[in-house]
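As structure tokens, the structure follows; a few thoughts come after it.
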Amino acid sequence: MALEAVNYRRQQDGEEYEELEQIRRYEDFTTIDWIQESTAERNRRIREERARLACRGPRGEITPAWIWSQFRRLLSAGESGFVITLVGVIIGINAALISIVTKWLSDIKMGYCADGWWLNQQFCCWEIDSEEEFCPSWHPWSTLTPARWLLYCYLREFYLPTLIKLQGIFAFVAAHLVRTMAKYAAGSGISEIKCILAGFVMQGFLSFATLVIKSITLPLVIASGLSVGKEGPSVHMACCVGAVVASWFQKISRSQGKMREVITAASAAGVAVAFGSPIGGVLFSIEEMNHMFRIKTMWRSFVCALVATFTLSVMNPFRTGKLVLFQVTYSRSWHFFEIIFWVILGIFGGLYGAFVVKFNVQVAAFRRKHLENHGVAEAVILAVLTAMVGYFNRFLRIDMTEMMSILFRECEGGGDYNQLCQQSVQWSMVNSLLLATIIRMGFLIISYGSKVPAGIFVPSMAIGATFGRMVGIIVKAIYLTNQQSGIFSSCDPDLPCITPGTYALLGAAAALSGVMRITVTVVVIMFELTGALTYILPTMIVILVTKAVGDFIGTRGIAEETIRFNGYPILEQDDHSLDVAVSEVMKKDLTVLYASGMQVRDVEQILSSTDVKGFPIVASKSSRVLSGYIGRPELRYVLGRHTGDITLETECSFDRQGSEDQDDYVLSNVASGSALGAEEEVAAELLETTGSNDVLKLWPWVNQTPLTIPMRLPLEIVMQLFKRMGPRVILVEERGKLTGLVTVKDVLRFNAAAQDSGSYRQWDSGEFEEILEVAWKWLAGAAETAVERWRSVLRLR
């Protein structure tokens, strides 16, 4: 049955145009029926247990076959642990290699090592203890600022010695590889993984090709200078590793539930290696990725994150003992008067999250409308613009992780980068930090979502860090000019009272929490980065204020907004629909099968004339009494692979005539639907016993107890059923008679239509999108005028 699209339109300049595309691609993807998946898993366990009992002797004595079955059972029990460990090891190795390559590509932009072109600046200057000391082995490309700017922004974009590539070339190679070899390697991937874990099926998103291309292109993108991070893509790559490794083991690959447990654990490991925070990764998988909390899944996430972090630590990619570049420790505590300024940081985090989410969605709408087929050009232009603009700011010119490691430090611990801690230049430093905050925020809004691997974690933290350090410098200046004030009475006059680096850390936490709308995870990640118990309370205060501001504004996380914008069929926990009965949402015009009286010809005709995923079964044409539900794949499987003497005139039976069917010796003591999830040899044996010239018995593949609800049930409760139980379809009945069915897509479509008819519009075209539209029209007009003038000049010649 064709699904109707929901279009949002508005009038502007006398022309109709789409304000929001339909909640799209509903028909392109499928979802997993978790109830059916659970039934199939239960059937497999029953068959395995019966097979083990059958291995005993006639009197229950132990036999060699029973001993072998117990040994296989022991191996099977340890299989999940082995898979999780293997996934963690591979994730750790991959993260270490990416960190090494990324650091080399970032350093090669500014110079090269005379001792070996393959060495980055840190390895090249290994014996140099201080950053101020001269390193004779490291040769910058140019010592003159104008020439260096030209080389950095222009010349090396098009002409470079072998092995040396820069901003535009990095972006071009990355975008081209993504476009031609693995389209799913673009973006962060967290939104899509959330949908996959909820039961959404996206073929190829977690494939080996996606893993390889994203692993290759991510260092290029980071080195290109784009205002994007690698932490979100790290989660995607980790999940790809989990999916690929799990597919090697039949016990896991045949179960969608077990596959998603491995993917959840891999997502925890991805965050763990990105931030050097194994506990933070586990909490991230629970708070952000997983819809249903399970102790077993949490434990597997912990093991996977621990193994991945340990592997990364063993490889020691930075040769500093740190897992990430911006790890830091603090030797001083905080004062209660600083809470006032922490509240300011929290307010900034909430406002930042709302601002970035709102305008990034508008940029995404503009990108979809005008730049869908120009991903490579967009990435190159953004990289060149970022390089040209960022060169003039000391905090935009360097890598974001390196910048955060500088801003987080105490001034007394080697943190006086470029006179950052000097009181004589504090106000010019404040100006630089403010400009860095504003400029990077603008580039993040237009860069996140481009057709390259792009994360938002580290750019958001970098923006929060520059703003926080700016606030810290201002607070320190206030203290130095008012040391006798009563508010500063708790300060020890012999020790520094204000640590601006802690404000940078808290600002980074606020910005990350504001844009992702996660709380506990951020607190734990920041604790694991600093190792300072004393700063847990300040971090919690900042995150609390950030969440309060975000809740007041009504902001969703960037991942949730991306899901809604792309129209993926997933219900979030805070989705609600009040005062509506399910009868207003359900499909009423259904294609049904009859428990008896149908021939193979009739079933084949229905399959060829429809594209629905399953069929309700009713008693007969004259009676709508519900008998069960059968999926389209099961029908195709039975009709396509049956080995009996079946003709088009053979009658089909979807209802079990009696529980003591002598021919059904395989499943004689199992309820209907027990063929779901059957292994190939069991299914083949079953096919031989269920078909004859007279009747084709399909009841082993029929779910005779589908999830049903009354038609007057509130839609709110139906949404809770979808969220907590995960069915693909819920049948609606009235006094035992089928009246309709409802799916997640029907609910989302209804909610979107309700929002469209009301005063609230999810992606209302705002001022920023209108500015982009005007700029696009102006550029298009200018390009057309230039082409026409060039043609006229050629004609005159």
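Residues are named by chain letter and number: chains run A, B, ... in the order of the structure tokens, numbers start at 1 in each chain, and ligands are numbered from 1 in the order shown.
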
(Q) When DSSP is applied to the backbone of this structure, which of segment 449-630 of chain A are assigned alpha helix (DSSP H)? Write them out as a PyMOL selection string. (A) chain A and resi 457-481+500-516+520-530+536-553+558-566+600-609

Preceding selection exported with C-alpha atoms as a PDB file, in the first residue's frame:
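So again15.pdb came out as:
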```
ATOM      1  CA  PHE A 457      31.837  16.854  19.991  1.00  0.00           C
ATOM      2  CA  VAL A 458      35.294  18.447  19.850  1.00  0.00           C
ATOM      3  CA  PRO A 459      34.270  21.606  17.915  1.00  0.00           C
ATOM      4  CA  SER A 460      31.618  22.276  20.548  1.00  0.00           C
ATOM      5  CA  MET A 461      34.117  21.662  23.327  1.00  0.00           C
ATOM      6  CA  ALA A 462      36.596  23.975  21.590  1.00  0.00           C
ATOM      7  CA  ILE A 463      33.994  26.729  21.365  1.00  0.00           C
ATOM      8  CA  GLY A 464      33.095  26.279  25.018  1.00  0.00           C
ATOM      9  CA  ALA A 465      36.782  26.235  25.949  1.00  0.00           C
ATOM     10  CA  THR A 466      37.541  29.575  24.267  1.00  0.00           C
ATOM     11  CA  PHE A 467      34.495  31.193  25.851  1.00  0.00           C
ATOM     12  CA  GLY A 468      35.273  29.671  29.248  1.00  0.00           C
ATOM     13  CA  ARG A 469      38.914  30.767  29.158  1.00  0.00           C
ATOM     14  CA  MET A 470      37.748  34.265  28.241  1.00  0.00           C
ATOM     15  CA  VAL A 471      35.458  34.307  31.286  1.00  0.00           C
ATOM     16  CA  GLY A 472      38.291  32.931  33.414  1.00  0.00           C
ATOM     17  CA  ILE A 473      40.646  35.729  32.336  1.00  0.00           C
ATOM     18  CA  ILE A 474      37.978  38.326  33.108  1.00  0.00           C
ATOM     19  CA  VAL A 475      37.336  36.822  36.549  1.00  0.00           C
ATOM     20  CA  LYS A 476      41.064  36.763  37.238  1.00  0.00           C
ATOM     21  CA  ALA A 477      41.348  40.431  36.202  1.00  0.00           C
ATOM     22  CA  ILE A 478      38.479  41.331  38.543  1.00  0.00           C
ATOM     23  CA  TYR A 479      40.230  39.541  41.377  1.00  0.00           C
ATOM     24  CA  LEU A 480      43.581  41.210  40.745  1.00  0.00           C
ATOM     25  CA  THR A 481      42.017  44.665  40.820  1.00  0.00           C
ATOM     26  CA  PRO A 500      41.340  30.283  34.148  1.00  0.00           C
ATOM     27  CA  GLY A 501      42.018  26.811  32.766  1.00  0.00           C
ATOM     28  CA  THR A 502      39.216  25.340  34.863  1.00  0.00           C
ATOM     29  CA  TYR A 503      36.782  27.803  33.301  1.00  0.00           C
ATOM     30  CA  ALA A 504      37.837  26.541  29.881  1.00  0.00           C
ATOM     31  CA  LEU A 505      37.161  22.981  31.022  1.00  0.00           C
ATOM     32  CA  LEU A 506      33.736  23.883  32.415  1.00  0.00           C
ATOM     33  CA  GLY A 507      32.879  25.885  29.307  1.00  0.00           C
ATOM     34  CA  ALA A 508      33.761  22.882  27.135  1.00  0.00           C
ATOM     35  CA  ALA A 509      31.487  20.692  29.259  1.00  0.00           C
ATOM     36  CA  ALA A 510      28.647  23.210  29.013  1.00  0.00           C
ATOM     37  CA  ALA A 511      28.873  23.494  25.230  1.00  0.00           C
ATOM     38  CA  LEU A 512      29.023  19.719  24.739  1.00  0.00           C
ATOM     39  CA  SER A 513      26.050  19.176  27.020  1.00  0.00           C
ATOM     40  CA  GLY A 514      24.111  21.987  25.368  1.00  0.00           C
ATOM     41  CA  VAL A 515      24.416  20.696  21.833  1.00  0.00           C
ATOM     42  CA  MET A 516      24.083  16.976  22.588  1.00  0.00           C
ATOM     43  CA  VAL A 520      25.757  12.502  33.406  1.00  0.00           C
ATOM     44  CA  THR A 521      27.986  11.350  30.566  1.00  0.00           C
ATOM     45  CA  VAL A 522      29.607  14.780  30.254  1.00  0.00           C
ATOM     46  CA  VAL A 523      30.283  14.978  33.990  1.00  0.00           C
ATOM     47  CA  VAL A 524      32.021  11.602  33.993  1.00  0.00           C
ATOM     48  CA  ILE A 525      33.995  12.332  30.807  1.00  0.00           C
ATOM     49  CA  MET A 526      35.290  15.573  32.306  1.00  0.00           C
ATOM     50  CA  PHE A 527      36.211  13.793  35.520  1.00  0.00           C
ATOM     51  CA  GLU A 528      38.142  11.123  33.639  1.00  0.00           C
ATOM     52  CA  LEU A 529      39.903  13.802  31.593  1.00  0.00           C
ATOM     53  CA  THR A 530      41.069  15.690  34.685  1.00  0.00           C
ATOM     54  CA  ILE A 536      32.998  17.118  39.831  1.00  0.00           C
ATOM     55  CA  LEU A 537      30.694  19.468  41.749  1.00  0.00           C
ATOM     56  CA  PRO A 538      31.486  22.513  39.549  1.00  0.00           C
ATOM     57  CA  THR A 539      30.921  20.409  36.445  1.00  0.00           C
ATOM     58  CA  MET A 540      27.584  19.171  37.793  1.00  0.00           C
ATOM     59  CA  ILE A 541      26.476  22.742  38.553  1.00  0.00           C
ATOM     60  CA  VAL A 542      27.358  23.909  35.046  1.00  0.00           C
ATOM     61  CA  ILE A 543      25.620  20.940  33.401  1.00  0.00           C
ATOM     62  CA  LEU A 544      22.534  21.445  35.577  1.00  0.00           C
ATOM     63  CA  VAL A 545      22.233  25.076  34.488  1.00  0.00           C
ATOM     64  CA  THR A 546      22.839  24.115  30.867  1.00  0.00           C
ATOM     65  CA  LYS A 547      20.087  21.526  30.976  1.00  0.00           C
ATOM     66  CA  ALA A 548      17.689  23.931  32.686  1.00  0.00           C
ATOM     67  CA  VAL A 549      18.267  26.559  29.986  1.00  0.00           C
ATOM     68  CA  GLY A 550      17.865  23.992  27.216  1.00  0.00           C
ATOM     69  CA  ASP A 551      14.657  22.656  28.757  1.00  0.00           C
ATOM     70  CA  PHE A 552      13.297  26.184  29.113  1.00  0.00           C
ATOM     71  CA  ILE A 553      13.989  26.948  25.460  1.00  0.00           C
ATOM     72  CA  ILE A 558      21.489  17.702  17.511  1.00  0.00           C
ATOM     73  CA  ALA A 559      21.142  13.931  17.051  1.00  0.00           C
ATOM     74  CA  GLU A 560      17.373  13.992  17.697  1.00  0.00           C
ATOM     75  CA  GLU A 561      16.878  16.942  15.338  1.00  0.00           C
ATOM     76  CA  THR A 562      18.880  15.174  12.634  1.00  0.00           C
ATOM     77  CA  ILE A 563      16.680  12.098  13.021  1.00  0.00           C
ATOM     78  CA  ARG A 564      13.554  14.206  12.655  1.00  0.00           C
ATOM     79  CA  PHE A 565      14.965  16.174   9.758  1.00  0.00           C
ATOM     80  CA  ASN A 566      15.887  13.031   7.827  1.00  0.00           C
ATOM     81  CA  VAL A 600      -1.403 -20.898  -3.782  1.00  0.00           C
ATOM     82  CA  ARG A 601      -2.510 -18.936  -6.859  1.00  0.00           C
ATOM     83  CA  ASP A 602      -4.399 -16.448  -4.657  1.00  0.00           C
ATOM     84  CA  VAL A 603      -1.456 -15.958  -2.323  1.00  0.00           C
ATOM     85  CA  GLU A 604       0.963 -15.434  -5.219  1.00  0.00           C
ATOM     86  CA  GLN A 605      -1.362 -12.851  -6.745  1.00  0.00           C
ATOM     87  CA  ILE A 606      -1.590 -10.929  -3.471  1.00  0.00           C
ATOM     88  CA  LEU A 607       2.194 -10.967  -3.087  1.00  0.00           C
ATOM     89  CA  SER A 608       2.737  -9.668  -6.606  1.00  0.00           C
ATOM     90  CA  SER A 609       0.115  -6.904  -6.342  1.00  0.00           C
TER      91      SER A 609
END
```

Contact check, segment 145-262 of chain A to segment 447-451 of chain A, at most 9 Å, counting only C-alpha atoms, closest pairs as JSON lines:
```
{"residue": "A:Ala174", "atom": "CA", "partner": "A:Lys451", "partner_atom": "CA", "distance": 8.9}
{"residue": "A:Ala175", "atom": "CA", "partner": "A:Lys451", "partner_atom": "CA", "distance": 6.1}
{"residue": "A:Val178", "atom": "CA", "partner": "A:Lys451", "partner_atom": "CA", "distance": 7.3}
{"residue": "A:Arg179", "atom": "CA", "partner": "A:Lys451", "partner_atom": "CA", "distance": 7.6}
{"residue": "A:Lys183", "atom": "CA", "partner": "A:Lys451", "partner_atom": "CA", "distance": 8.2}
{"residue": "A:Ala185", "atom": "CA", "partner": "A:Lys451", "partner_atom": "CA", "distance": 8.4}
{"residue": "A:Ala186", "atom": "CA", "partner": "A:Lys451", "partner_atom": "CA", "distance": 5.0}
{"residue": "A:Gly187", "atom": "CA", "partner": "A:Gly449", "partner_atom": "CA", "distance": 5.5}
{"residue": "A:Ser188", "atom": "CA", "partner": "A:Gly449", "partner_atom": "CA", "distance": 7.8}
{"residue": "A:Leu226", "atom": "CA", "partner": "A:Ser447", "partner_atom": "CA", "distance": 6.9}
{"residue": "A:Ser227", "atom": "CA", "partner": "A:Ser447", "partner_atom": "CA", "distance": 6.4}
{"residue": "A:Val228", "atom": "CA", "partner": "A:Tyr448", "partner_atom": "CA", "distance": 6.3}
```

Q) Counting only C-alpha atoms, what is within 9 Å of Val244 of chain A, bar same-chain residues fewer than 6 positions away, as a count of residues only? A) 3

Q: May I ask for the distance between atom CA of Leu696 of chain A and atom CA of Leu738 of chain A, given in Å to one decimal place?
A: 24.4 Å

Q | Non-local contacts of Ala274 of chain A (7 Å; only C-alpha atoms; under 2 positions in same chain excluded) as a ChimeraX atom specification | A | /A:231,234,270-272,276

Write the residues of the preceding selection, restricted to N, CA, C and O atoms, as a JSON list (two decimals), in the first residue's frame.
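Contents of the output file out_6.json:
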```
[["chain", "number", "residue", "atom", "x", "y", "z"],
["A", 231, "GLU", "N", 35.23, 12.66, 17.03],
["A", 231, "GLU", "CA", 34.66, 11.82, 18.08],
["A", 231, "GLU", "C", 33.36, 11.15, 17.63],
["A", 231, "GLU", "O", 33.14, 9.97, 17.91],
["A", 234, "SER", "N", 34.17, 8.53, 15.27],
["A", 234, "SER", "CA", 34.82, 7.42, 15.99],
["A", 234, "SER", "C", 33.78, 6.43, 16.50],
["A", 234, "SER", "O", 34.01, 5.21, 16.49],
["A", 270, "GLY", "N", 33.77, 3.35, 21.28],
["A", 270, "GLY", "CA", 34.10, 4.48, 20.41],
["A", 270, "GLY", "C", 34.27, 5.77, 21.18],
["A", 270, "GLY", "O", 35.21, 6.55, 20.95],
["A", 271, "VAL", "N", 33.37, 6.04, 22.12],
["A", 271, "VAL", "CA", 33.50, 7.23, 22.96],
["A", 271, "VAL", "C", 34.68, 7.09, 23.91],
["A", 271, "VAL", "O", 35.39, 8.06, 24.18],
["A", 272, "ALA", "N", 34.91, 5.88, 24.39],
["A", 272, "ALA", "CA", 36.00, 5.65, 25.34],
["A", 272, "ALA", "C", 37.35, 5.99, 24.73],
["A", 272, "ALA", "O", 38.18, 6.66, 25.36],
["A", 276, "GLY", "N", 39.34, 9.01, 25.98],
["A", 276, "GLY", "CA", 40.09, 8.35, 27.03],
["A", 276, "GLY", "C", 39.25, 8.15, 28.27],
["A", 276, "GLY", "O", 39.74, 8.23, 29.39]]
```

Near-Phe615 of chain A list (8 Å; only C-alpha atoms; drop same-chain fewer than 6 positions) as a PDB file with all heavy atoms, in the first residue's frame:
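File written: result22.pdb
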```
ATOM      1  N   THR A 591      -5.028  -5.391   3.261  1.00  0.00           N
ATOM      2  CA  THR A 591      -4.968  -6.623   2.471  1.00  0.00           C
ATOM      3  C   THR A 591      -4.807  -7.783   3.440  1.00  0.00           C
ATOM      4  O   THR A 591      -3.813  -7.851   4.167  1.00  0.00           O
ATOM      5  CB  THR A 591      -3.790  -6.585   1.496  1.00  0.00           C
ATOM      6  OG1 THR A 591      -3.905  -5.441   0.643  1.00  0.00           O
ATOM      7  CG2 THR A 591      -3.760  -7.848   0.655  1.00  0.00           C
ATOM      8  N   VAL A 592      -5.785  -8.679   3.457  1.00  0.00           N
ATOM      9  CA  VAL A 592      -5.794  -9.761   4.439  1.00  0.00           C
ATOM     10  C   VAL A 592      -5.744 -11.112   3.740  1.00  0.00           C
ATOM     11  O   VAL A 592      -6.035 -11.234   2.536  1.00  0.00           O
ATOM     12  CB  VAL A 592      -7.047  -9.685   5.338  1.00  0.00           C
ATOM     13  CG1 VAL A 592      -7.078  -8.364   6.094  1.00  0.00           C
ATOM     14  CG2 VAL A 592      -8.315  -9.854   4.527  1.00  0.00           C
ATOM     15  N   LEU A 593      -5.357 -12.133   4.492  1.00  0.00           N
ATOM     16  CA  LEU A 593      -5.412 -13.520   4.057  1.00  0.00           C
ATOM     17  C   LEU A 593      -6.474 -14.244   4.882  1.00  0.00           C
ATOM     18  O   LEU A 593      -6.803 -13.804   5.993  1.00  0.00           O
ATOM     19  CB  LEU A 593      -4.048 -14.192   4.240  1.00  0.00           C
ATOM     20  CG  LEU A 593      -2.865 -13.559   3.507  1.00  0.00           C
ATOM     21  CD1 LEU A 593      -1.564 -14.276   3.864  1.00  0.00           C
ATOM     22  CD2 LEU A 593      -3.076 -13.556   1.995  1.00  0.00           C
ATOM     23  N   TYR A 629      -1.095 -13.473  12.140  1.00  0.00           N
ATOM     24  CA  TYR A 629      -0.361 -12.533  11.293  1.00  0.00           C
ATOM     25  C   TYR A 629       0.856 -13.262  10.735  1.00  0.00           C
ATOM     26  O   TYR A 629       1.532 -14.012  11.450  1.00  0.00           O
ATOM     27  CB  TYR A 629       0.084 -11.315  12.108  1.00  0.00           C
ATOM     28  CG  TYR A 629       0.774 -10.239  11.303  1.00  0.00           C
ATOM     29  CD1 TYR A 629       0.046  -9.245  10.664  1.00  0.00           C
ATOM     30  CD2 TYR A 629       2.167 -10.211  11.192  1.00  0.00           C
ATOM     31  CE1 TYR A 629       0.675  -8.245   9.941  1.00  0.00           C
ATOM     32  CE2 TYR A 629       2.807  -9.219  10.473  1.00  0.00           C
ATOM     33  CZ  TYR A 629       2.058  -8.240   9.845  1.00  0.00           C
ATOM     34  OH  TYR A 629       2.680  -7.254   9.126  1.00  0.00           O
ATOM     35  N   ILE A 630       1.144 -13.061   9.451  1.00  0.00           N
ATOM     36  CA  ILE A 630       2.301 -13.689   8.811  1.00  0.00           C
ATOM     37  C   ILE A 630       3.052 -12.638   8.020  1.00  0.00           C
ATOM     38  O   ILE A 630       2.449 -11.764   7.370  1.00  0.00           O
ATOM     39  CB  ILE A 630       1.874 -14.867   7.905  1.00  0.00           C
ATOM     40  CG1 ILE A 630       3.116 -15.612   7.399  1.00  0.00           C
ATOM     41  CG2 ILE A 630       1.000 -14.399   6.757  1.00  0.00           C
ATOM     42  CD1 ILE A 630       2.798 -16.927   6.713  1.00  0.00           C
ATOM     43  N   GLY A 631       4.363 -12.689   8.097  1.00  0.00           N
ATOM     44  CA  GLY A 631       5.192 -11.717   7.399  1.00  0.00           C
ATOM     45  C   GLY A 631       5.376 -12.075   5.939  1.00  0.00           C
ATOM     46  O   GLY A 631       5.310 -13.242   5.535  1.00  0.00           O
ATOM     47  N   ARG A 632       5.630 -11.072   5.139  1.00  0.00           N
ATOM     48  CA  ARG A 632       5.875 -11.283   3.717  1.00  0.00           C
ATOM     49  C   ARG A 632       7.110 -12.149   3.462  1.00  0.00           C
ATOM     50  O   ARG A 632       7.059 -13.040   2.611  1.00  0.00           O
ATOM     51  CB  ARG A 632       6.034  -9.917   3.039  1.00  0.00           C
ATOM     52  CG  ARG A 632       6.155  -9.972   1.515  1.00  0.00           C
ATOM     53  CD  ARG A 632       6.447  -8.582   0.952  1.00  0.00           C
ATOM     54  NE  ARG A 632       6.318  -8.588  -0.487  1.00  0.00           N
ATOM     55  CZ  ARG A 632       5.196  -8.312  -1.131  1.00  0.00           C
ATOM     56  NH1 ARG A 632       4.093  -8.024  -0.451  1.00  0.00           N
ATOM     57  NH2 ARG A 632       5.139  -8.340  -2.446  1.00  0.00           N
TER      58      ARG A 632
END
```

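With distances restricted to only C-alpha atoms, A:Arg332 is the closest residue to Glu412 of chain A from A:Phe355, A:Met429, A:Thr650, A:Arg332.
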
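Coordinates place atom CA of Ile518 of chain A at a distance of 27.7 Å from atom CA of Thr217 of chain A.
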
Q: Could you jot down the atom CA of Leu211 of chain A to atom CA of Trp104 of chain A separation for me, Å, one decimal place?
A: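 Separation of atom CA of Leu211 of chain A and atom CA of Trp104 of chain A: 20.9 Å.
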
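Checking A:Ser247, A:Ser277, A:Thr705, A:Thr519 one by one against Leu626 of chain A, counting only C-alpha atoms, you find the shortest gap at A:Thr705.
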
(Q) Using only C-alpha atoms for the distances, tell me which of A:Thr610, A:Gln36, A:Ser215, A:Thr309 is nearest to Ile98 of chain A. (A) A:Ser215

Q: May I have the residues within 10 Å of Cys113 of chain A as a list in words, using only C-alpha atoms and disregarding those fewer than 6 positions away in the same chain?
A: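 Here the answer would be Asp107, Leu119, Asn120, Gln121, Gln122, Phe123, Cys124, Cys125, Cys135, Pro136, Ser137, Trp138, His139 and Pro140 of chain A.
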
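In terms of minimum interatomic distance to Gly554 of chain A, A:Gly350 ranks closest within A:Ala171, A:Gly350, A:Val638, A:Gly628, counting only C-alpha atoms.
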
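Closest approach to Thr297 of chain A among A:Ile84, A:Ala595, A:Val580, A:Ile340: A:Ile84, based on only C-alpha atoms.
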